[in-house]
$ cat query-v3.cif   # mmCIF, C-alpha atoms
data_data
loop_
_atom_site.label_atom_id
_atom_site.label_comp_id
_atom_site.auth_asym_id
_atom_site.auth_seq_id
_atom_site.Cartn_x
_atom_site.Cartn_y
_atom_site.Cartn_z
CA MET A 1 22.51 -4.23 -15.42
CA HIS A 2 19.90 -1.62 -16.37
CA SER A 3 17.19 -3.68 -14.64
CA SER A 4 19.22 -3.87 -11.39
CA ALA A 5 19.92 -0.14 -11.45
CA SER A 6 16.25 0.59 -12.11
CA ARG A 7 15.15 -1.66 -9.26
CA LEU A 8 17.67 -0.06 -6.89
CA PHE A 9 16.39 3.40 -7.84
CA ARG A 10 12.73 2.40 -7.28
CA TYR A 11 13.49 0.91 -3.86
CA THR A 12 15.59 3.93 -2.85
CA TRP A 13 13.04 6.47 -4.15
CA ALA A 14 10.26 4.77 -2.14
CA LEU A 15 12.47 4.28 0.94
CA PRO A 16 11.04 7.07 3.14
CA THR A 17 7.57 5.53 2.90
CA THR A 18 8.98 2.00 3.19
CA LEU A 19 10.72 2.93 6.45
CA LEU A 20 7.36 3.88 7.93
CA GLY A 21 5.98 0.53 6.77
CA LEU A 22 8.93 -1.30 8.33
CA GLY A 23 8.04 0.22 11.69
CA PHE A 24 4.54 -1.23 11.45
CA ALA A 25 5.94 -4.58 10.24
CA GLY A 26 8.12 -4.64 13.35
CA LEU A 27 5.04 -3.96 15.44
CA ALA A 28 3.30 -6.92 13.82
CA ALA A 29 6.27 -9.22 14.48
CA ALA A 30 6.58 -8.03 18.09
CA THR A 31 2.89 -8.70 18.80
CA GLY A 32 2.59 -12.21 17.41
CA GLY A 33 2.12 -11.40 13.73
CA ARG A 34 4.03 -12.71 10.76
CA VAL A 35 6.34 -10.97 8.29
CA ARG A 36 7.51 -12.47 4.99
CA LEU A 37 8.92 -11.41 1.64
CA VAL A 38 6.62 -12.00 -1.35
CA ASP A 39 7.84 -11.01 -4.81
CA GLY A 40 10.13 -8.28 -3.50
CA VAL A 41 7.52 -6.81 -1.16
CA LEU A 42 7.52 -7.30 2.60
CA GLU A 43 4.10 -8.47 3.78
CA ALA A 44 3.21 -8.16 7.46
CA GLU A 45 0.03 -9.51 8.98
CA GLY A 46 -1.61 -10.25 12.25
CA GLY A 47 -0.63 -9.25 15.72
CA TRP A 48 -1.67 -5.73 16.57
CA LEU A 49 -2.00 -4.87 12.85
CA GLY A 50 -5.43 -6.48 12.69
CA THR A 51 -6.76 -4.16 15.38
CA LEU A 52 -4.96 -1.14 13.95
CA LEU A 53 -6.32 -1.68 10.42
CA ARG A 54 -9.85 -2.28 11.71
CA ARG A 55 -9.99 0.68 14.07
CA ALA A 56 -7.52 3.35 12.93
CA VAL A 57 -8.36 3.47 9.20
CA PRO A 58 -11.30 5.85 8.69
CA LEU A 59 -13.43 3.50 6.60
CA PRO A 60 -16.48 1.54 7.72
CA GLY A 61 -14.96 -1.64 9.14
CA GLY A 62 -11.44 -0.31 8.57
CA ALA A 63 -9.07 -1.67 5.93
CA ALA A 64 -8.11 -5.23 5.07
CA ALA A 65 -4.64 -4.10 3.97
CA MET A 66 -2.55 -0.99 3.44
CA THR A 67 0.64 -0.24 1.53
CA LEU A 68 3.56 1.84 2.75
CA GLY A 69 6.31 1.75 0.14
CA HIS A 70 7.52 -1.82 -0.31
CA VAL A 71 5.64 -2.98 2.78
CA VAL A 72 2.05 -4.23 2.72
CA LEU A 73 0.29 -4.44 6.06
CA GLY A 74 -2.64 -6.83 6.34
CA ARG A 75 -5.13 -7.87 8.97
CA ASP A 76 -4.29 -11.51 8.34
CA ALA A 77 -3.00 -13.87 5.63
CA PRO A 78 -6.36 -14.17 3.79
CA ALA A 79 -6.64 -10.36 3.67
CA LEU A 80 -3.18 -10.13 2.11
CA ALA A 81 -4.05 -12.81 -0.44
CA THR A 82 -7.31 -11.18 -1.54
CA THR A 83 -5.88 -7.66 -1.74
CA ARG A 84 -2.49 -8.54 -3.28
CA ALA A 85 -3.18 -7.19 -6.81
CA HIS A 86 -4.67 -3.96 -5.46
CA GLU A 87 -1.85 -3.41 -2.96
CA ARG A 88 0.82 -4.15 -5.59
CA ALA A 89 -0.67 -1.31 -7.63
CA HIS A 90 -0.03 0.94 -4.61
CA VAL A 91 3.55 -0.37 -4.39
CA ARG A 92 4.07 0.74 -8.00
CA GLN A 93 2.51 4.12 -7.16
CA CYS A 94 4.97 4.49 -4.26
CA GLU A 95 7.80 3.67 -6.65
CA ARG A 96 6.63 6.41 -9.04
CA TRP A 97 5.87 9.10 -6.46
CA GLY A 98 8.63 8.33 -3.96
CA PRO A 99 8.71 10.49 -0.84
CA VAL A 100 5.75 12.59 -1.97
CA PHE A 101 3.40 9.60 -2.24
CA LEU A 102 1.75 10.05 1.17
CA PRO A 103 1.18 13.82 0.80
CA ALA A 104 -0.09 13.26 -2.77
CA TYR A 105 -2.43 10.53 -1.56
CA ALA A 106 -3.77 12.85 1.16
CA ALA A 107 -4.20 15.64 -1.41
CA ALA A 108 -6.12 13.26 -3.69
CA SER A 109 -8.46 12.43 -0.80
CA LEU A 110 -8.96 16.12 -0.08
CA GLY A 111 -9.63 16.74 -3.76
CA ALA A 112 -12.27 14.01 -3.73
CA VAL A 113 -13.98 15.58 -0.73
CA LEU A 114 -13.93 19.01 -2.39
CA ARG A 115 -15.62 17.43 -5.44
CA GLY A 116 -18.29 15.96 -3.16
CA GLU A 117 -16.91 12.43 -3.42
CA HIS A 118 -15.86 9.92 -0.81
CA PRO A 119 -12.24 10.51 0.35
CA TYR A 120 -11.32 6.86 -0.31
CA HIS A 121 -13.49 5.82 -3.25
CA GLY A 122 -13.01 9.17 -4.98
CA ASN A 123 -9.23 9.17 -4.47
CA ALA A 124 -7.40 9.01 -7.82
CA PHE A 125 -4.78 6.61 -6.39
CA GLU A 126 -7.50 4.20 -5.24
CA ARG A 127 -9.32 4.41 -8.55
CA ALA A 128 -6.11 3.62 -10.42
CA ALA A 129 -5.36 0.69 -8.10
CA CYS A 130 -8.88 -0.66 -8.65
CA ARG A 131 -8.43 -0.41 -12.43
CA GLU A 132 -5.10 -2.28 -12.24
CA GLU A 133 -6.65 -4.89 -9.97
CA ALA A 134 -9.54 -5.42 -12.42
CA ALA A 135 -7.14 -5.66 -15.36
CA ALA A 136 -5.05 -8.27 -13.53
CA ALA A 137 -8.17 -10.29 -12.70
CA SER A 138 -9.29 -10.33 -16.34
CA ARG A 139 -5.98 -11.78 -17.55
#
$ encode --input "query-v3.cif" --output "structure tokens"
Amino acid sequence: MHSSASRLFRYTWALPTTLLGLGFAGLAAATGGRVRLVDGVLEAEGGWLGTLLRRAVPLPGGAAAMTLGHVVLGRDAPALATTRAHERAHVRQCERWGPVFLPAYAAASLGAVLRGEHPYHGNAFERAACREEAAAASR
């Protein structure tokens, strides 16, 4: 029972960010993409998401994937597969930070810039996700 209550709390706490992700998942489905549930996380790929992630994310070449709550948006199925461990780390961050995840993420990027670092690579949330991804790969 405790596990179910804990899971319900995590999903509810992350819901504001997840709702944003669901909007983008709907966009993927409406434009020829695919949406499926993988280990309790909705993964959306293809359709207009590929273009959006390539062009709207301010990184050279854009992003392969992006997490919004319990929704992971990917350019395509291979992008979702290769980024799954990293993006699941972001899902856990969304569960911890809840509705303040996006503002906290933006603040971490600003902090990186103020330290003279790259807003993505110097972001504490990205660094933590990279550490978790590396730990998962070494298991």
$ residues_near_point --input "query-v3.cif" --point "(-16.6, 12.1, -3.2)" --cutoff "10 Å" --atoms "all atoms listed in the file" --output "list of chain:residue names"
A:Ser109, A:Leu110, A:Gly111, A:Ala112, A:Val113, A:Leu114, A:Arg115, A:Gly116, A:Glu117, A:His118, A:Pro119, A:Tyr120, A:His121, A:Gly122, A:Asn123
$ closest_residue --input "query-v3.cif" --among "A:Gly26, A:Gly74, A:Pro16, A:Pro58" --to "Cys94 of chain A" --atoms "only C-alpha atoms"
A:Pro16
$ atom_distance --input "query-v3.cif" --atom1 "atom CA of Thr18 of chain A" --atom2 "atom CA of Val71 of chain A"
6.0 Å
$ resolve_selection --input "query-v3.cif" --expression "the PyMOL selection byres ((chain A and resi 72) around 7)" --output "JSON list (two decimals) with C-alpha atoms, keeping the file's coordinate frame"
[["chain", "number", "residue", "atom", "x", "y", "z"],
["A", 42, "LEU", "CA", 7.52, -7.30, 2.60],
["A", 43, "GLU", "CA", 4.10, -8.47, 3.78],
["A", 44, "ALA", "CA", 3.21, -8.16, 7.46],
["A", 65, "ALA", "CA", -4.64, -4.10, 3.97],
["A", 66, "MET", "CA", -2.55, -0.99, 3.44],
["A", 67, "THR", "CA", 0.64, -0.24, 1.53],
["A", 68, "LEU", "CA", 3.56, 1.84, 2.75],
["A", 70, "HIS", "CA", 7.52, -1.82, -0.31],
["A", 71, "VAL", "CA", 5.64, -2.98, 2.78],
["A", 73, "LEU", "CA", 0.29, -4.44, 6.06],
["A", 74, "GLY", "CA", -2.64, -6.83, 6.34],
["A", 87, "GLU", "CA", -1.85, -3.41, -2.96]]
$ atom_distance --input "query-v3.cif" --atom1 "atom CA of Glu95 of chain A" --atom2 "atom CA of Leu15 of chain A"
8.9 Å
$ residues_around --input "query-v3.cif" --residues "Leu52 of chain A" --least-positions-apart "4" --cutoff "10 Å" --atoms "all atoms listed in the file" --output "ChimeraX atom specification"
/A:24,46-48,56-57,62-63,74-75
$ residues_around --input "query-v3.cif" --residues "Arg34 of chain A" --least-positions-apart "2" --cutoff "7 Å" --atoms "only C-alpha atoms" --output "MDAnalysis selection string"
chainID A and resid 28:29 32 36 44:46
$ resolve_selection --input "query-v3.cif" --expression "the PyMOL selection byres ((chain A and resi 14) around 10)" --output "ChimeraX atom specification"
/A:9-13,15-19,68-70,91-101
$ write_last_selection --input "query-v3.cif" --atoms "C-alpha atoms" --output "short mmCIF file (atom, residue, chain, number, x, y, z; two decimals), in the coordinates of the input"
data_model
loop_
_atom_site.label_atom_id
_atom_site.label_comp_id
_atom_site.auth_asym_id
_atom_site.auth_seq_id
_atom_site.Cartn_x
_atom_site.Cartn_y
_atom_site.Cartn_z
CA PHE A 9 16.39 3.40 -7.84
CA ARG A 10 12.73 2.40 -7.28
CA TYR A 11 13.49 0.91 -3.86
CA THR A 12 15.59 3.93 -2.85
CA TRP A 13 13.04 6.47 -4.15
CA LEU A 15 12.47 4.28 0.94
CA PRO A 16 11.04 7.07 3.14
CA THR A 17 7.57 5.53 2.90
CA THR A 18 8.98 2.00 3.19
CA LEU A 19 10.72 2.93 6.45
CA LEU A 68 3.56 1.84 2.75
CA GLY A 69 6.31 1.75 0.14
CA HIS A 70 7.52 -1.82 -0.31
CA VAL A 91 3.55 -0.37 -4.39
CA ARG A 92 4.07 0.74 -8.00
CA GLN A 93 2.51 4.12 -7.16
CA CYS A 94 4.97 4.49 -4.26
CA GLU A 95 7.80 3.67 -6.65
CA ARG A 96 6.63 6.41 -9.04
CA TRP A 97 5.87 9.10 -6.46
CA GLY A 98 8.63 8.33 -3.96
CA PRO A 99 8.71 10.49 -0.84
CA VAL A 100 5.75 12.59 -1.97
CA PHE A 101 3.40 9.60 -2.24
#
$ closest_residue --input "query-v3.cif" --among "A:Cys130, A:Leu8, A:Leu20, A:Leu80" --to "Leu102 of chain A" --atoms "all atoms listed in the file"
A:Leu20
$ atom_distance --input "query-v3.cif" --atom1 "atom CA of Leu53 of chain A" --atom2 "atom CA of Ala85 of chain A"
18.4 Å
$ resolve_selection --input "query-v3.cif" --expression "the PyMOL selection byres ((chain A and resi 132) around 12)" --output "NGL selection string"
:A and (83-93 or 125-131 or 133-139)
$ closest_residue --input "query-v3.cif" --among "A:Ala5, A:Ala124, A:Val35, A:Gly21" --to "Ala77 of chain A" --atoms "all atoms listed in the file"
A:Val35
$ build_atoms --input "query-v3.cif" --residues "segment 88-99 of chain A" --atoms "all heavy atoms" --output "PDB file, in the frame of the given file"
ATOM      1  N   ARG A  88      -0.367  -4.242  -4.720  1.00  0.00           N
ATOM      2  CA  ARG A  88       0.820  -4.150  -5.590  1.00  0.00           C
ATOM      3  C   ARG A  88       0.724  -2.931  -6.497  1.00  0.00           C
ATOM      4  O   ARG A  88       1.730  -2.320  -6.844  1.00  0.00           O
ATOM      5  CB  ARG A  88       1.008  -5.411  -6.431  1.00  0.00           C
ATOM      6  CG  ARG A  88       1.471  -6.625  -5.653  1.00  0.00           C
ATOM      7  CD  ARG A  88       2.679  -6.317  -4.778  1.00  0.00           C
ATOM      8  NE  ARG A  88       3.272  -7.493  -4.206  1.00  0.00           N
ATOM      9  CZ  ARG A  88       2.917  -8.058  -3.053  1.00  0.00           C
ATOM     10  NH1 ARG A  88       1.935  -7.532  -2.322  1.00  0.00           N
ATOM     11  NH2 ARG A  88       3.529  -9.136  -2.608  1.00  0.00           N
ATOM     12  N   ALA A  89      -0.495  -2.543  -6.856  1.00  0.00           N
ATOM     13  CA  ALA A  89      -0.670  -1.310  -7.630  1.00  0.00           C
ATOM     14  C   ALA A  89      -0.202  -0.119  -6.787  1.00  0.00           C
ATOM     15  O   ALA A  89       0.456   0.788  -7.299  1.00  0.00           O
ATOM     16  CB  ALA A  89      -2.126  -1.133  -8.042  1.00  0.00           C
ATOM     17  N   HIS A  90      -0.502  -0.141  -5.496  1.00  0.00           N
ATOM     18  CA  HIS A  90      -0.030   0.940  -4.610  1.00  0.00           C
ATOM     19  C   HIS A  90       1.487   0.901  -4.450  1.00  0.00           C
ATOM     20  O   HIS A  90       2.119   1.958  -4.335  1.00  0.00           O
ATOM     21  CB  HIS A  90      -0.712   0.854  -3.248  1.00  0.00           C
ATOM     22  CG  HIS A  90      -2.140   1.255  -3.261  1.00  0.00           C
ATOM     23  ND1 HIS A  90      -2.608   2.428  -3.831  1.00  0.00           N
ATOM     24  CD2 HIS A  90      -3.247   0.630  -2.764  1.00  0.00           C
ATOM     25  CE1 HIS A  90      -3.907   2.514  -3.681  1.00  0.00           C
ATOM     26  NE2 HIS A  90      -4.330   1.426  -3.039  1.00  0.00           N
ATOM     27  N   VAL A  91       2.079  -0.284  -4.445  1.00  0.00           N
ATOM     28  CA  VAL A  91       3.550  -0.370  -4.390  1.00  0.00           C
ATOM     29  C   VAL A  91       4.136   0.338  -5.604  1.00  0.00           C
ATOM     30  O   VAL A  91       5.066   1.143  -5.486  1.00  0.00           O
ATOM     31  CB  VAL A  91       4.028  -1.841  -4.324  1.00  0.00           C
ATOM     32  CG1 VAL A  91       5.542  -1.932  -4.537  1.00  0.00           C
ATOM     33  CG2 VAL A  91       3.642  -2.486  -2.999  1.00  0.00           C
ATOM     34  N   ARG A  92       3.571   0.079  -6.779  1.00  0.00           N
ATOM     35  CA  ARG A  92       4.070   0.740  -8.000  1.00  0.00           C
ATOM     36  C   ARG A  92       3.844   2.256  -7.926  1.00  0.00           C
ATOM     37  O   ARG A  92       4.681   3.030  -8.384  1.00  0.00           O
ATOM     38  CB  ARG A  92       3.410   0.132  -9.236  1.00  0.00           C
ATOM     39  CG  ARG A  92       3.912  -1.283  -9.520  1.00  0.00           C
ATOM     40  CD  ARG A  92       3.378  -1.847 -10.820  1.00  0.00           C
ATOM     41  NE  ARG A  92       1.941  -2.086 -10.788  1.00  0.00           N
ATOM     42  CZ  ARG A  92       1.365  -3.180 -10.279  1.00  0.00           C
ATOM     43  NH1 ARG A  92       2.100  -4.123  -9.734  1.00  0.00           N
ATOM     44  NH2 ARG A  92       0.056  -3.327 -10.308  1.00  0.00           N
ATOM     45  N   GLN A  93       2.738   2.689  -7.341  1.00  0.00           N
ATOM     46  CA  GLN A  93       2.510   4.120  -7.160  1.00  0.00           C
ATOM     47  C   GLN A  93       3.577   4.719  -6.247  1.00  0.00           C
ATOM     48  O   GLN A  93       4.097   5.806  -6.519  1.00  0.00           O
ATOM     49  CB  GLN A  93       1.121   4.363  -6.569  1.00  0.00           C
ATOM     50  CG  GLN A  93      -0.013   4.052  -7.514  1.00  0.00           C
ATOM     51  CD  GLN A  93      -1.365   4.050  -6.826  1.00  0.00           C
ATOM     52  OE1 GLN A  93      -1.466   4.078  -5.599  1.00  0.00           O
ATOM     53  NE2 GLN A  93      -2.431   3.999  -7.632  1.00  0.00           N
ATOM     54  N   CYS A  94       3.907   4.019  -5.179  1.00  0.00           N
ATOM     55  CA  CYS A  94       4.970   4.490  -4.260  1.00  0.00           C
ATOM     56  C   CYS A  94       6.301   4.573  -4.991  1.00  0.00           C
ATOM     57  O   CYS A  94       7.089   5.495  -4.744  1.00  0.00           O
ATOM     58  CB  CYS A  94       5.084   3.562  -3.054  1.00  0.00           C
ATOM     59  SG  CYS A  94       3.746   3.720  -1.871  1.00  0.00           S
ATOM     60  N   GLU A  95       6.551   3.629  -5.879  1.00  0.00           N
ATOM     61  CA  GLU A  95       7.800   3.670  -6.650  1.00  0.00           C
ATOM     62  C   GLU A  95       7.838   4.881  -7.584  1.00  0.00           C
ATOM     63  O   GLU A  95       8.891   5.464  -7.805  1.00  0.00           O
ATOM     64  CB  GLU A  95       7.948   2.388  -7.470  1.00  0.00           C
ATOM     65  CG  GLU A  95       8.257   1.174  -6.640  1.00  0.00           C
ATOM     66  CD  GLU A  95       8.352  -0.105  -7.436  1.00  0.00           C
ATOM     67  OE1 GLU A  95       7.869  -0.155  -8.594  1.00  0.00           O
ATOM     68  OE2 GLU A  95       8.916  -1.071  -6.920  1.00  0.00           O
ATOM     69  N   ARG A  96       6.683   5.251  -8.136  1.00  0.00           N
ATOM     70  CA  ARG A  96       6.630   6.410  -9.040  1.00  0.00           C
ATOM     71  C   ARG A  96       6.714   7.733  -8.273  1.00  0.00           C
ATOM     72  O   ARG A  96       7.392   8.656  -8.691  1.00  0.00           O
ATOM     73  CB  ARG A  96       5.336   6.391  -9.838  1.00  0.00           C
ATOM     74  CG  ARG A  96       5.394   5.534 -11.068  1.00  0.00           C
ATOM     75  CD  ARG A  96       4.117   5.664 -11.897  1.00  0.00           C
ATOM     76  NE  ARG A  96       3.591   4.326 -12.108  1.00  0.00           N
ATOM     77  CZ  ARG A  96       2.490   3.828 -11.593  1.00  0.00           C
ATOM     78  NH1 ARG A  96       1.717   4.552 -10.839  1.00  0.00           N
ATOM     79  NH2 ARG A  96       2.128   2.595 -11.837  1.00  0.00           N
ATOM     80  N   TRP A  97       6.003   7.839  -7.182  1.00  0.00           N
ATOM     81  CA  TRP A  97       5.870   9.100  -6.460  1.00  0.00           C
ATOM     82  C   TRP A  97       6.922   9.308  -5.379  1.00  0.00           C
ATOM     83  O   TRP A  97       7.127  10.427  -4.915  1.00  0.00           O
ATOM     84  CB  TRP A  97       4.461   9.202  -5.859  1.00  0.00           C
ATOM     85  CG  TRP A  97       3.419   9.464  -6.889  1.00  0.00           C
ATOM     86  CD1 TRP A  97       2.849   8.550  -7.734  1.00  0.00           C
ATOM     87  CD2 TRP A  97       2.851  10.712  -7.219  1.00  0.00           C
ATOM     88  NE1 TRP A  97       1.942   9.171  -8.555  1.00  0.00           N
ATOM     89  CE2 TRP A  97       1.922  10.502  -8.256  1.00  0.00           C
ATOM     90  CE3 TRP A  97       3.026  12.002  -6.733  1.00  0.00           C
ATOM     91  CZ2 TRP A  97       1.175  11.527  -8.821  1.00  0.00           C
ATOM     92  CZ3 TRP A  97       2.269  13.022  -7.282  1.00  0.00           C
ATOM     93  CH2 TRP A  97       1.370  12.778  -8.315  1.00  0.00           C
ATOM     94  N   GLY A  98       7.563   8.227  -4.951  1.00  0.00           N
ATOM     95  CA  GLY A  98       8.630   8.330  -3.960  1.00  0.00           C
ATOM     96  C   GLY A  98       8.184   9.002  -2.675  1.00  0.00           C
ATOM     97  O   GLY A  98       7.092   8.728  -2.168  1.00  0.00           O
ATOM     98  N   PRO A  99       9.001   9.899  -2.148  1.00  0.00           N
ATOM     99  CA  PRO A  99       8.710  10.490  -0.840  1.00  0.00           C
ATOM    100  C   PRO A  99       7.490  11.401  -0.823  1.00  0.00           C
ATOM    101  O   PRO A  99       7.022  11.762   0.252  1.00  0.00           O
ATOM    102  CB  PRO A  99       9.976  11.280  -0.504  1.00  0.00           C
ATOM    103  CG  PRO A  99      10.646  11.509  -1.801  1.00  0.00           C
ATOM    104  CD  PRO A  99      10.275  10.364  -2.695  1.00  0.00           C
TER     105      PRO A  99
END
